[in-house]
Each structure stands twice: as C-alpha cells, then as structure tokens.
>>> print(open('coords_3.tsv').read())   # TSV, C-alpha atoms
chain	number	residue	atom	x	y	z
G	1	MET	CA	31.54	6.63	15.92
G	2	ALA	CA	30.00	3.39	17.21
G	3	ASP	CA	26.67	2.34	15.70
G	4	TYR	CA	23.74	2.29	18.10
G	5	PRO	CA	22.64	-1.40	18.38
G	6	VAL	CA	19.51	-2.46	16.50
G	7	ALA	CA	17.56	-5.74	16.39
G	8	SER	CA	18.34	-8.40	13.79
G	9	GLY	CA	16.80	-7.58	10.42
G	10	ILE	CA	16.42	-3.85	11.19
G	11	THR	CA	18.46	-1.40	9.10
G	12	SER	CA	20.49	1.01	11.22
G	13	MET	CA	20.34	4.70	10.40
G	14	SER	CA	23.92	5.19	11.63
G	15	GLY	CA	26.16	6.49	8.87
G	16	THR	CA	23.17	7.59	6.80
G	17	TYR	CA	20.81	9.82	8.79
G	18	ILE	CA	23.12	9.83	11.86
G	19	PRO	CA	26.31	10.93	10.11
G	20	GLU	CA	29.93	11.20	11.11
G	21	VAL	CA	30.75	13.98	8.66
G	22	TRP	CA	27.99	14.52	6.12
G	23	ALA	CA	26.73	17.42	4.05
G	24	GLY	CA	23.75	19.23	5.53
G	25	LYS	CA	21.41	18.48	2.62
G	26	MET	CA	20.04	15.24	1.31
G	27	VAL	CA	20.65	14.28	-2.31
G	28	VAL	CA	17.94	15.86	-4.44
G	29	LYS	CA	15.48	13.27	-5.69
G	30	PHE	CA	13.91	13.75	-9.05
G	31	TYR	CA	10.26	12.83	-9.31
G	32	LEU	CA	8.24	12.04	-12.40
G	33	SER	CA	6.24	15.05	-13.50
G	34	THR	CA	2.53	14.72	-12.85
G	35	VAL	CA	-0.08	16.27	-15.08
G	36	PHE	CA	-3.49	15.10	-13.90
G	37	ALA	CA	-4.18	18.31	-11.96
G	38	ALA	CA	-3.54	20.39	-15.08
G	39	ILE	CA	-5.66	18.39	-17.54
G	40	SER	CA	-8.78	17.91	-15.42
G	41	ASN	CA	-11.27	20.03	-13.52
G	42	THR	CA	-11.86	19.68	-9.78
G	43	ASP	CA	-15.35	21.16	-9.69
G	44	TYR	CA	-16.61	18.41	-7.36
G	45	GLN	CA	-13.63	18.25	-5.02
G	46	GLY	CA	-15.66	19.41	-2.04
G	47	GLU	CA	-18.38	16.79	-2.55
G	48	ILE	CA	-16.44	13.83	-1.14
G	49	THR	CA	-15.28	12.93	2.32
G	50	LYS	CA	-14.55	9.23	2.32
G	51	TYR	CA	-13.69	6.20	0.21
G	52	GLY	CA	-16.73	4.82	-1.59
G	53	ASP	CA	-18.66	8.07	-2.07
G	54	LYS	CA	-20.58	8.68	-5.27
G	55	VAL	CA	-21.02	12.13	-6.78
G	56	HIS	CA	-23.91	12.70	-9.20
G	57	ILE	CA	-22.97	15.29	-11.81
G	58	ARG	CA	-25.98	16.85	-13.51
G	59	VAL	CA	-25.68	17.18	-17.29
G	60	ILE	CA	-27.19	20.23	-19.00
G	61	PRO	CA	-29.57	19.04	-21.76
G	62	ASP	CA	-29.42	20.17	-25.39
G	63	ILE	CA	-32.22	22.65	-26.12
G	64	THR	CA	-33.88	22.33	-29.53
G	65	ILE	CA	-33.75	25.38	-31.82
G	66	SER	CA	-36.79	25.65	-34.14
G	67	ASP	CA	-37.73	27.88	-37.07
G	68	TYR	CA	-40.08	30.75	-36.23
G	69	ILE	CA	-43.11	31.49	-38.41
G	70	ILE	CA	-45.52	34.30	-37.54
G	71	GLY	CA	-48.83	32.97	-36.30
G	72	GLN	CA	-47.84	29.32	-36.29
G	73	GLY	CA	-47.51	29.02	-32.53
G	74	LEU	CA	-44.64	27.75	-30.43
G	75	ASN	CA	-43.73	24.18	-29.60
G	76	TYR	CA	-42.62	23.89	-25.97
G	77	GLU	CA	-40.38	20.97	-25.13
G	78	ARG	CA	-39.63	19.57	-21.71
G	79	PRO	CA	-35.84	19.05	-21.60
G	80	THR	CA	-34.72	15.65	-20.36
G	81	THR	CA	-32.09	15.86	-17.67
G	82	SER	CA	-29.49	13.23	-16.90
G	83	ASP	CA	-26.49	12.78	-14.69
G	84	VAL	CA	-23.03	11.23	-14.73
G	85	GLU	CA	-21.79	9.33	-11.69
G	86	LEU	CA	-18.33	10.06	-10.34
G	87	ASP	CA	-17.33	7.14	-8.10
G	88	ILE	CA	-14.72	7.74	-5.43
G	89	ASP	CA	-13.59	4.14	-5.72
G	90	LYS	CA	-9.81	4.30	-5.52
G	91	GLY	CA	-7.52	4.80	-2.57
G	92	HIS	CA	-3.85	4.57	-1.66
G	93	TYR	CA	-1.98	4.84	1.61
G	94	TYR	CA	1.52	5.23	3.00
G	95	ALA	CA	2.79	4.08	6.37
G	96	PHE	CA	6.25	4.16	7.91
G	97	ALA	CA	7.87	3.96	11.33
G	98	VAL	CA	10.19	6.53	12.90
G	99	ASN	CA	12.56	5.58	15.72
G	100	LYS	CA	12.89	8.27	18.39
G	101	VAL	CA	16.59	7.64	19.11
G	102	GLU	CA	17.52	7.92	15.46
G	103	GLN	CA	15.33	10.98	15.02
G	104	VAL	CA	16.96	12.82	17.92
G	105	GLN	CA	20.49	11.92	16.83
G	106	SER	CA	19.98	12.83	13.17
G	107	ASP	CA	21.16	16.23	11.95
G	108	LEU	CA	18.30	16.32	9.40
G	109	ALA	CA	14.56	16.73	9.76
G	110	TYR	CA	14.18	13.60	7.71
G	111	VAL	CA	10.61	12.82	8.80
G	112	GLU	CA	9.36	15.87	6.92
G	113	LYS	CA	11.31	14.80	3.86
G	114	TRP	CA	9.91	11.28	4.05
G	115	THR	CA	6.38	12.64	4.31
G	116	ASP	CA	7.00	14.93	1.35
G	117	ASP	CA	8.30	11.96	-0.62
G	118	ALA	CA	5.14	10.02	0.25
G	119	GLY	CA	3.08	12.85	-1.21
G	120	GLN	CA	5.15	12.89	-4.37
G	121	GLN	CA	4.89	9.11	-4.78
G	122	MET	CA	1.14	9.31	-4.18
G	123	ALA	CA	0.80	11.90	-6.96
G	124	LYS	CA	2.86	9.75	-9.31
G	125	THR	CA	0.73	6.67	-8.63
G	126	ILE	CA	-2.52	8.56	-9.24
G	127	ASP	CA	-1.13	10.21	-12.37
G	128	SER	CA	-0.05	6.89	-13.87
G	129	GLY	CA	-3.44	5.33	-13.23
G	130	ILE	CA	-5.33	8.16	-14.89
G	131	LEU	CA	-3.13	8.31	-17.99
G	132	SER	CA	-3.33	4.53	-18.36
G	133	ASN	CA	-7.13	4.48	-18.53
G	134	VAL	CA	-8.61	7.76	-19.71
G	135	TYR	CA	-7.76	7.30	-23.39
G	136	SER	CA	-10.16	4.35	-23.64
G	137	GLU	CA	-13.10	6.72	-23.00
G	138	ALA	CA	-12.38	9.03	-25.90
G	139	ASP	CA	-15.26	9.54	-28.33
G	140	SER	CA	-15.09	7.19	-31.31
G	141	ASN	CA	-14.73	10.19	-33.63
G	142	ASN	CA	-11.64	11.32	-31.73
G	143	SER	CA	-9.50	8.23	-32.28
G	144	GLY	CA	-8.49	5.67	-34.84
G	145	ALA	CA	-7.57	5.80	-38.52
G	146	THR	CA	-10.79	7.60	-39.53
G	147	ALA	CA	-11.06	10.27	-36.83
G	148	GLY	CA	-13.00	13.48	-37.33
G	149	ALA	CA	-16.72	13.91	-36.59
G	150	ASP	CA	-17.17	15.69	-39.94
G	151	SER	CA	-14.18	14.72	-42.09
G	152	GLY	CA	-13.73	11.10	-40.99
G	153	ASN	CA	-10.32	10.91	-42.66
G	154	ILE	CA	-7.81	11.94	-39.97
G	155	ASP	CA	-5.43	9.11	-39.07
G	156	LEU	CA	-4.56	9.15	-35.34
G	157	GLY	CA	-3.24	5.59	-35.37
G	158	VAL	CA	-4.59	2.38	-33.87
G	159	THR	CA	-3.07	-0.39	-31.79
G	160	GLY	CA	-0.90	-2.48	-34.09
G	161	THR	CA	-0.85	0.24	-36.74
G	162	PRO	CA	0.35	3.34	-34.90
G	163	ALA	CA	1.15	6.65	-36.53
G	164	ALA	CA	4.86	6.94	-37.29
G	165	VAL	CA	6.01	10.26	-35.84
G	166	ASP	CA	9.28	12.12	-36.29
G	167	LYS	CA	10.47	15.72	-36.18
G	168	THR	CA	9.30	16.38	-39.74
G	169	ASN	CA	5.63	15.52	-39.20
G	170	ILE	CA	4.91	15.92	-35.49
G	171	LEU	CA	3.49	19.42	-35.96
G	172	ASP	CA	1.15	18.08	-38.63
G	173	PHE	CA	-0.22	15.55	-36.16
G	174	LEU	CA	-0.70	18.26	-33.53
G	175	VAL	CA	-2.70	20.31	-36.03
G	176	ASP	CA	-4.75	17.20	-36.90
G	177	MET	CA	-5.58	16.69	-33.23
G	178	GLY	CA	-6.71	20.30	-33.05
G	179	THR	CA	-8.93	19.72	-36.08
G	180	VAL	CA	-10.50	16.68	-34.41
G	181	LEU	CA	-11.49	18.83	-31.42
G	182	ASP	CA	-12.65	21.63	-33.74
G	183	GLU	CA	-15.09	19.24	-35.40
G	184	GLN	CA	-16.52	18.43	-31.95
G	185	ASN	CA	-16.93	22.17	-31.16
G	186	VAL	CA	-14.51	21.92	-28.22
G	187	PRO	CA	-13.50	25.37	-26.86
G	188	ASP	CA	-10.21	26.76	-28.16
G	189	THR	CA	-8.93	27.83	-24.76
G	190	ALA	CA	-7.30	25.49	-22.21
G	191	ARG	CA	-6.79	22.60	-24.62
G	192	TRP	CA	-4.01	20.19	-23.60
G	193	GLN	CA	-1.93	17.40	-25.08
G	194	ILE	CA	0.38	14.98	-23.24
G	195	MET	CA	3.53	13.49	-24.76
G	196	PRO	CA	6.38	11.31	-23.52
G	197	PRO	CA	9.81	12.96	-23.50
G	198	ILE	CA	10.88	11.39	-26.80
G	199	PHE	CA	8.04	13.11	-28.67
G	200	CYS	CA	8.61	16.39	-26.84
G	201	GLY	CA	12.17	16.20	-28.16
G	202	MET	CA	10.80	15.90	-31.69
G	203	VAL	CA	8.78	19.09	-31.20
G	204	LYS	CA	11.90	20.93	-30.10
G	205	LYS	CA	13.78	19.67	-33.17
G	206	SER	CA	10.98	20.39	-35.61
G	207	ASP	CA	11.03	23.22	-38.13
G	208	LEU	CA	9.12	25.84	-36.14
G	209	LYS	CA	9.29	28.61	-38.71
G	210	ASP	CA	6.06	30.24	-37.58
G	211	ALA	CA	6.59	31.55	-34.04
G	212	SER	CA	2.88	32.31	-33.80
G	213	LEU	CA	2.30	28.58	-33.33
G	214	ALA	CA	3.67	29.10	-29.84
G	215	GLY	CA	1.23	31.89	-29.11
G	216	ASP	CA	3.84	34.62	-28.93
G	217	GLY	CA	6.41	36.43	-31.02
G	218	THR	CA	9.44	34.30	-30.21
G	219	SER	CA	10.44	30.72	-30.84
G	220	ILE	CA	9.17	28.13	-28.33
G	221	LEU	CA	12.68	26.68	-28.33
G	222	ARG	CA	13.78	29.27	-25.77
G	223	ASN	CA	14.97	27.58	-22.59
G	224	GLY	CA	14.04	24.20	-24.12
G	225	ARG	CA	10.46	24.63	-22.88
G	226	ILE	CA	7.43	23.05	-24.54
G	227	GLY	CA	4.75	25.73	-24.70
G	228	ALA	CA	1.48	26.24	-26.55
G	229	ILE	CA	1.13	24.94	-30.10
G	230	ASP	CA	-2.05	25.43	-32.14
G	231	ARG	CA	-4.08	26.14	-28.95
G	232	PHE	CA	-2.67	23.10	-27.13
G	233	THR	CA	-0.60	23.37	-23.98
G	234	ILE	CA	1.90	20.54	-24.33
G	235	TYR	CA	2.72	18.53	-21.21
G	236	ARG	CA	5.56	16.06	-20.85
G	237	SER	CA	5.05	12.83	-18.89
G	238	ASN	CA	6.74	9.49	-18.38
G	239	ASN	CA	3.45	7.99	-17.16
G	240	ILE	CA	1.81	7.59	-20.57
G	241	ALA	CA	0.58	4.05	-21.19
G	242	LYS	CA	2.49	1.94	-23.70
G	243	ASN	CA	1.32	-1.11	-25.60
G	244	GLY	CA	3.42	-4.24	-25.14
G	245	THR	CA	4.67	-4.23	-28.71
G	246	THR	CA	7.91	-3.78	-30.63
G	247	PRO	CA	8.49	-1.02	-31.56
G	248	GLU	CA	6.87	0.73	-28.60
G	249	GLU	CA	3.46	2.33	-29.08
G	250	TRP	CA	2.29	5.20	-26.86
G	251	ASN	CA	-1.35	5.91	-26.03
G	252	MET	CA	-1.20	9.70	-25.94
G	253	ILE	CA	-4.26	11.72	-25.00
G	254	PHE	CA	-5.44	15.24	-25.75
G	255	GLY	CA	-8.51	17.21	-24.85
G	256	HIS	CA	-10.15	19.87	-22.71
G	257	PRO	CA	-10.29	20.00	-18.87
G	258	SER	CA	-14.07	20.49	-18.82
G	259	CYS	CA	-14.45	16.93	-20.09
G	260	LEU	CA	-12.40	15.17	-17.40
G	261	THR	CA	-13.18	15.61	-13.73
G	262	PHE	CA	-11.06	14.60	-10.75
G	263	ALA	CA	-11.89	14.63	-7.06
G	264	SER	CA	-9.65	13.64	-4.18
G	265	GLN	CA	-9.40	13.88	-0.42
G	266	ILE	CA	-6.62	13.27	2.07
G	267	VAL	CA	-8.85	11.32	4.45
G	268	GLU	CA	-6.17	10.68	7.05
G	269	HIS	CA	-2.69	11.91	7.88
G	270	GLU	CA	-1.82	10.96	11.40
G	271	THR	CA	1.00	10.16	13.77
G	272	LEU	CA	0.58	7.35	16.28
G	273	LYS	CA	2.82	6.23	19.12
G	274	ASN	CA	4.60	2.98	18.29
G	275	GLN	CA	3.45	0.50	20.94
G	276	ASP	CA	6.37	-1.85	20.23
G	277	ASP	CA	9.22	0.66	20.19
G	278	PHE	CA	10.20	4.24	21.06
G	279	GLY	CA	9.03	6.42	18.23
G	280	ASP	CA	6.07	7.09	15.99
G	281	LEU	CA	4.03	5.45	13.26
G	282	ILE	CA	3.15	7.85	10.47
G	283	ARG	CA	0.47	7.03	7.94
G	284	GLY	CA	-1.78	8.68	5.43
G	285	LEU	CA	-4.74	7.74	3.23
G	286	GLN	CA	-5.89	9.44	0.04
G	287	VAL	CA	-9.08	8.49	-1.80
G	288	TYR	CA	-10.02	9.75	-5.23
G	289	GLY	CA	-11.98	9.20	-8.39
G	290	TYR	CA	-11.94	10.46	-11.96
G	291	LYS	CA	-14.41	10.39	-14.80
G	292	VAL	CA	-14.61	11.40	-18.43
G	293	VAL	CA	-17.87	13.36	-18.35
G	294	ASN	CA	-17.86	14.16	-22.07
G	295	GLY	CA	-15.90	11.89	-24.40
G	296	LYS	CA	-16.24	14.40	-27.24
G	297	GLY	CA	-13.59	16.51	-25.53
G	298	ILE	CA	-11.04	13.68	-25.16
G	299	GLY	CA	-8.88	12.31	-27.97
G	300	HIS	CA	-6.61	9.26	-28.33
G	301	PHE	CA	-3.42	9.30	-30.42
G	302	VAL	CA	-1.54	6.00	-30.90
G	303	ALA	CA	2.00	6.66	-32.09
G	304	LYS	CA	5.45	5.19	-32.45
G	305	LYS	CA	8.82	6.74	-33.10
G	306	GLY	CA	9.15	7.12	-36.88
>>> encode(input="coords_3.tsv", output="structure tokens")
Amino acid sequence: MADYPVASGITSMSGTYIPEVWAGKMVVKFYLSTVFAAISNTDYQGEITKYGDKVHIRVIPDITISDYIIGQGLNYERPTTSDVELDIDKGHYYAFAVNKVEQVQSDLAYVEKWTDDAGQQMAKTIDSGILSNVYSEADSNNSGATAGADSGNIDLGVTGTPAAVDKTNILDFLVDMGTVLDEQNVPDTARWQIMPPIFCGMVKKSDLKDASLAGDGTSILRNGRIGAIDRFTIYRSNNIAKNGTTPEEWNMIFGHPSCLTFASQIVEHETLKNQDDFGDLIRGLQVYGYKVVNGKGIGHFVAKKG
C-alpha cells in the first residue's frame, strides 16, 4: 500500500494507524498507579471553577473542658475560629492535532485512545507532584528519629540517616507508624500508607504469621495483593519522592484522608477545527490544588533498602 504524502517533518500514520495487515487492538500500555484520590478527601471539589481560585476551609475550634463544682458558676468561653486556605494554583494541559484523512483511513478509533492516554498522563503528573511535596508538611512529632507525640523515641529515619528496612523488620516499622498516629489521636479507620514496589515486595516476603494483621482470617499473600496491615491500607506507587543519595532514600508518607484535601476541575476539554489543515485540534485543561489541613494526621518515613 502506498503511503499518503505528508509534508516534510510530519510523521505519517501509514503503517501504524493506517495498517496493511494489523491486529485490531493497540498494544496495552501500562500506566503508573496513582494514589492521590485514595489518600485525600475531596470535600471542597465543588467549590472551584477556574485556575487561581482560593477556597477557605473553616477549622472547628477546640472547646475547653472544665471541672464542675456545685455553686461555683460556669465560665463561658468564646471559641476562636480560624480557616485554612486551599489555593487552586496548579494547572496542566494537553493538546494534540488529528488529521482527518488519517482518521478516516484508520481501522482504530485512536482519538479516543489518545484522549484516554492524556487523562492517564494527567493523573500521573498530579500524583507525582503531590507525593513529592506532602511529606514536608507532616507534623514534627510524626517524623524524624524521635517521632511520637508522647513517646518521642520512635525512629522513622531522617535524610542522610534513613531507616534500613528489609523483610525482617518492615512490619515493625508499620506498627511504629501506627503508634505515631495513635499518639496524635488519629482515627483508626481509613488510615493509609504508600510504599514503592521494592518495599511492598518486602511485606509480601515478611513473616506474616498473624493473619489478623491483614484484617481477615487468611494470609494477605493471596494473589500477591497488599492489603490492610495494622489499620493501614497499603498502596504501591512509583511516584514516591527519592533523595539524590546513594543508596537511594525514599520519602514515604502515611496518614488519614481527613488531613489532606484535594480539589480539581477539568476546566476545558474541547475540539477545534484546525485552520491550517483538514482535521481537529483537541485540547484539555485541568486545574487543581491540594493542602495538608492537619499535619498531625500526616507522617513522614525516610527509608532505604536494608
């Protein structure tokens, strides 16, 4: 089959999307897993409409509890309210051109697949940005070599002196992270922890003698799936930030979704006629913001492979 002529510098779709004899399905593309939607709340999703918006999140004050003595009278306080600002200050876009001749001749609805890929890449970009920054906002009692609001003796590692983790001690570290949240009175339910694949592999190889750690009556090793351990739902991600050191250090985070909020809007997804060629211009814009609204519910674990 002769290739349809294209201008110099333009890649022809002939032989790729306009096939001679090709299978009817594109090669499956594997995307990095994204976790930001699972570890955060989206309570303020409906408050934004455009890039640059600011959402004021009202914080419930702590009410003082006093001793009661008959006849002494009551002391009425006026609670002081405050708010946390969620800035919608980040945005990403995609834009690509579709040639009408190539689209008609192709045996695949590749425009839909390209758009789907754009969405997946958008999610990956947002996920990486969140995981690369959130750990820095963890409460000081939830990180470092002396973590623990009460105990002050739990070693979660620091940059330059990370915790050395292997299959024999990784469960101990998970329990320590749970203790750190316990000392901050963080709710037991919905806790999460994010690990890179190499540490998830250690969990699977660890000596999980007590199946109750997984929250059920069977081993969490079934189907190779990371499940719930000591109230944490374990998520695997390749987007965890690493320090530029040798050996590699990972900045893993753990916490509760009530303490991290995320809001996003697809502001635009539109198709325009290409004024310089036959076909369409497809583009989309997504704006978003995220904020740690309570650092006591976020923890930072610096670790290396032991």
>>> atom_distance(input="coords_3.tsv", atom1="atom CA of Glu268 of chain G", atom2="atom CA of Leu285 of chain G")
5.0 Å
>>> atom_distance(input="coords_3.tsv", atom1="atom CA of Gly178 of chain G", atom2="atom CA of Arg231 of chain G")
7.6 Å
>>> residues_around(input="coords_3.tsv", residues="segment 113-127 of chain G", least_positions_apart="3", cutoff="9 Å", atoms="only C-alpha atoms", output="VMD selection string")
chain G and resid 29 31 to 37 92 to 96 109 to 110 130 to 132 239 282 to 284 286 288
>>> closest_residue(input="coords_3.tsv", among="G:Ser258, G:Thr161, G:Gln103, G:Gln72", to="Gly279 of chain G", atoms="all atoms listed in the file")
G:Gln103
>>> closest_residue(input="coords_3.tsv", among="G:Gly227, G:Gly144, G:Gly255, G:Pro79", to="Ala303 of chain G", atoms="only C-alpha atoms")
G:Gly144
>>> atom_distance(input="coords_3.tsv", atom1="atom CA of Gly152 of chain G", atom2="atom CA of Val84 of chain G")
27.9 Å
>>> closest_residue(input="coords_3.tsv", among="G:Phe262, G:Thr159, G:Val186, G:Asn169", to="Gly244 of chain G", atoms="all atoms listed in the file")
G:Thr159
>>> closest_residue(input="coords_3.tsv", among="G:Asn251, G:Asn141, G:Asn41, G:Gln105", to="Ser237 of chain G", atoms="all atoms listed in the file")
G:Asn251
>>> closest_residue(input="coords_3.tsv", among="G:Lys304, G:Asp43, G:Asp188, G:Thr81", to="Asn243 of chain G", atoms="only C-alpha atoms")
G:Lys304
>>> closest_residue(input="coords_3.tsv", among="G:Asp182, G:Asp277, G:Glu77, G:Asp150", to="Val101 of chain G", atoms="only C-alpha atoms")
G:Asp277
>>> residues_near_point(input="coords_3.tsv", point="(8.2, 6.7, 19.9)", cutoff="8 Å", atoms="only C-alpha atoms", output="MDAnalysis selection string")
chainID G and resid 98:100 273:275 277:281
>>> residues_near_point(input="coords_3.tsv", point="(-12.2, 13.5, -5.6)", cutoff="12 Å", atoms="all atoms listed in the file", output="ChimeraX atom specification")
/G:37,40-55,86-91,126,260-267,286-291
>>> residues_around(input="coords_3.tsv", residues="Lys167 of chain G", least_positions_apart="6", cutoff="9 Å", atoms="all atoms listed in the file", output="number ranges by chain")
G: 199, 201-207, 306
>>> axis_aligned_box(input="coords_3.tsv", around="segment 242-249 of chain G", padding_each_side="4 Å", output="AutoDock Vina command-line options")
--center_x 4.9 --center_y -1.0 --center_z -27.6 --size_x 15.2 --size_y 14.6 --size_z 15.9
>>> residues_around(input="coords_3.tsv", residues="Lys305 of chain G", least_positions_apart="2", cutoff="10 Å", atoms="only C-alpha atoms", output="NGL selection string")
:G and (162-167 or 198-199 or 202 or 247-250 or 303)
>>> write_last_selection(input="coords_3.tsv", atoms="C-alpha atoms", output="PDB file, in the coordinates of the input")
ATOM      1  CA  PRO G 162       0.350   3.340 -34.900  1.00  0.00           C
ATOM      2  CA  ALA G 163       1.150   6.650 -36.530  1.00  0.00           C
ATOM      3  CA  ALA G 164       4.860   6.940 -37.290  1.00  0.00           C
ATOM      4  CA  VAL G 165       6.010  10.260 -35.840  1.00  0.00           C
ATOM      5  CA  ASP G 166       9.280  12.120 -36.290  1.00  0.00           C
ATOM      6  CA  LYS G 167      10.470  15.720 -36.180  1.00  0.00           C
ATOM      7  CA  ILE G 198      10.880  11.390 -26.800  1.00  0.00           C
ATOM      8  CA  PHE G 199       8.040  13.110 -28.670  1.00  0.00           C
ATOM      9  CA  MET G 202      10.800  15.900 -31.690  1.00  0.00           C
ATOM     10  CA  PRO G 247       8.490  -1.020 -31.560  1.00  0.00           C
ATOM     11  CA  GLU G 248       6.870   0.730 -28.600  1.00  0.00           C
ATOM     12  CA  GLU G 249       3.460   2.330 -29.080  1.00  0.00           C
ATOM     13  CA  TRP G 250       2.290   5.200 -26.860  1.00  0.00           C
ATOM     14  CA  ALA G 303       2.000   6.660 -32.090  1.00  0.00           C
TER      15      ALA G 303
END
>>> decode(input="coords_3.tsv", residues="segment 139-190 of chain G", atoms="C-alpha atoms", output="PDB file, in the first residue's frame")
ATOM      1  CA  ASP G 139       3.745  17.319  61.990  1.00  0.00           C
ATOM      2  CA  SER G 140       7.168  17.417  63.648  1.00  0.00           C
ATOM      3  CA  ASN G 141       6.072  14.640  66.017  1.00  0.00           C
ATOM      4  CA  ASN G 142       5.293  12.394  63.051  1.00  0.00           C
ATOM      5  CA  SER G 143       8.753  12.308  61.501  1.00  0.00           C
ATOM      6  CA  GLY G 144      12.425  12.050  62.301  1.00  0.00           C
ATOM      7  CA  ALA G 145      14.480   9.954  64.700  1.00  0.00           C
ATOM      8  CA  THR G 146      12.450  10.992  67.762  1.00  0.00           C
ATOM      9  CA  ALA G 147       8.887  10.689  66.465  1.00  0.00           C
ATOM     10  CA  GLY G 148       5.922  10.176  68.763  1.00  0.00           C
ATOM     11  CA  ALA G 149       3.930  12.983  70.398  1.00  0.00           C
ATOM     12  CA  ASP G 150       4.044  11.115  73.727  1.00  0.00           C
ATOM     13  CA  SER G 151       6.922   8.646  73.478  1.00  0.00           C
ATOM     14  CA  GLY G 152       9.392  10.718  71.451  1.00  0.00           C
ATOM     15  CA  ASN G 153      11.566   7.667  70.780  1.00  0.00           C
ATOM     16  CA  ILE G 154      10.260   6.190  67.508  1.00  0.00           C
ATOM     17  CA  ASP G 155      12.876   6.308  64.744  1.00  0.00           C
ATOM     18  CA  LEU G 156      11.273   6.996  61.337  1.00  0.00           C
ATOM     19  CA  GLY G 157      14.566   7.974  59.720  1.00  0.00           C
ATOM     20  CA  VAL G 158      15.889  11.318  58.505  1.00  0.00           C
ATOM     21  CA  THR G 159      17.565  12.478  55.317  1.00  0.00           C
ATOM     22  CA  GLY G 160      21.129  11.180  55.367  1.00  0.00           C
ATOM     23  CA  THR G 161      20.323   8.669  58.103  1.00  0.00           C
ATOM     24  CA  PRO G 162      17.357   6.711  56.749  1.00  0.00           C
ATOM     25  CA  ALA G 163      15.823   3.684  58.403  1.00  0.00           C
ATOM     26  CA  ALA G 164      17.263   0.471  56.968  1.00  0.00           C
ATOM     27  CA  VAL G 165      14.299  -1.708  56.015  1.00  0.00           C
ATOM     28  CA  ASP G 166      14.179  -5.351  54.978  1.00  0.00           C
ATOM     29  CA  LYS G 167      11.683  -8.200  55.119  1.00  0.00           C
ATOM     30  CA  THR G 168      12.545  -8.991  58.739  1.00  0.00           C
ATOM     31  CA  ASN G 169      11.687  -5.574  60.182  1.00  0.00           C
ATOM     32  CA  ILE G 170       9.253  -3.907  57.784  1.00  0.00           C
ATOM     33  CA  LEU G 171       6.224  -4.960  59.829  1.00  0.00           C
ATOM     34  CA  ASP G 172       7.819  -3.434  62.915  1.00  0.00           C
ATOM     35  CA  PHE G 173       8.113  -0.105  61.112  1.00  0.00           C
ATOM     36  CA  LEU G 174       4.476  -0.300  60.005  1.00  0.00           C
ATOM     37  CA  VAL G 175       3.415  -0.852  63.608  1.00  0.00           C
ATOM     38  CA  ASP G 176       5.610   2.092  64.680  1.00  0.00           C
ATOM     39  CA  MET G 177       3.880   4.326  62.138  1.00  0.00           C
ATOM     40  CA  GLY G 178       0.545   3.232  63.545  1.00  0.00           C
ATOM     41  CA  THR G 179       1.755   4.111  67.037  1.00  0.00           C
ATOM     42  CA  VAL G 180       2.780   7.584  65.854  1.00  0.00           C
ATOM     43  CA  LEU G 181      -0.765   8.213  64.610  1.00  0.00           C
ATOM     44  CA  ASP G 182      -2.219   6.687  67.790  1.00  0.00           C
ATOM     45  CA  GLU G 183      -0.329   9.235  69.876  1.00  0.00           C
ATOM     46  CA  GLN G 184      -1.922  12.001  67.774  1.00  0.00           C
ATOM     47  CA  ASN G 185      -5.423  10.522  68.320  1.00  0.00           C
ATOM     48  CA  VAL G 186      -5.867   9.915  64.588  1.00  0.00           C
ATOM     49  CA  PRO G 187      -8.932   7.735  63.805  1.00  0.00           C
ATOM     50  CA  ASP G 188      -8.240   4.032  63.311  1.00  0.00           C
ATOM     51  CA  THR G 189     -10.355   3.715  60.181  1.00  0.00           C
ATOM     52  CA  ALA G 190      -9.217   4.720  56.669  1.00  0.00           C
TER      53      ALA G 190
END
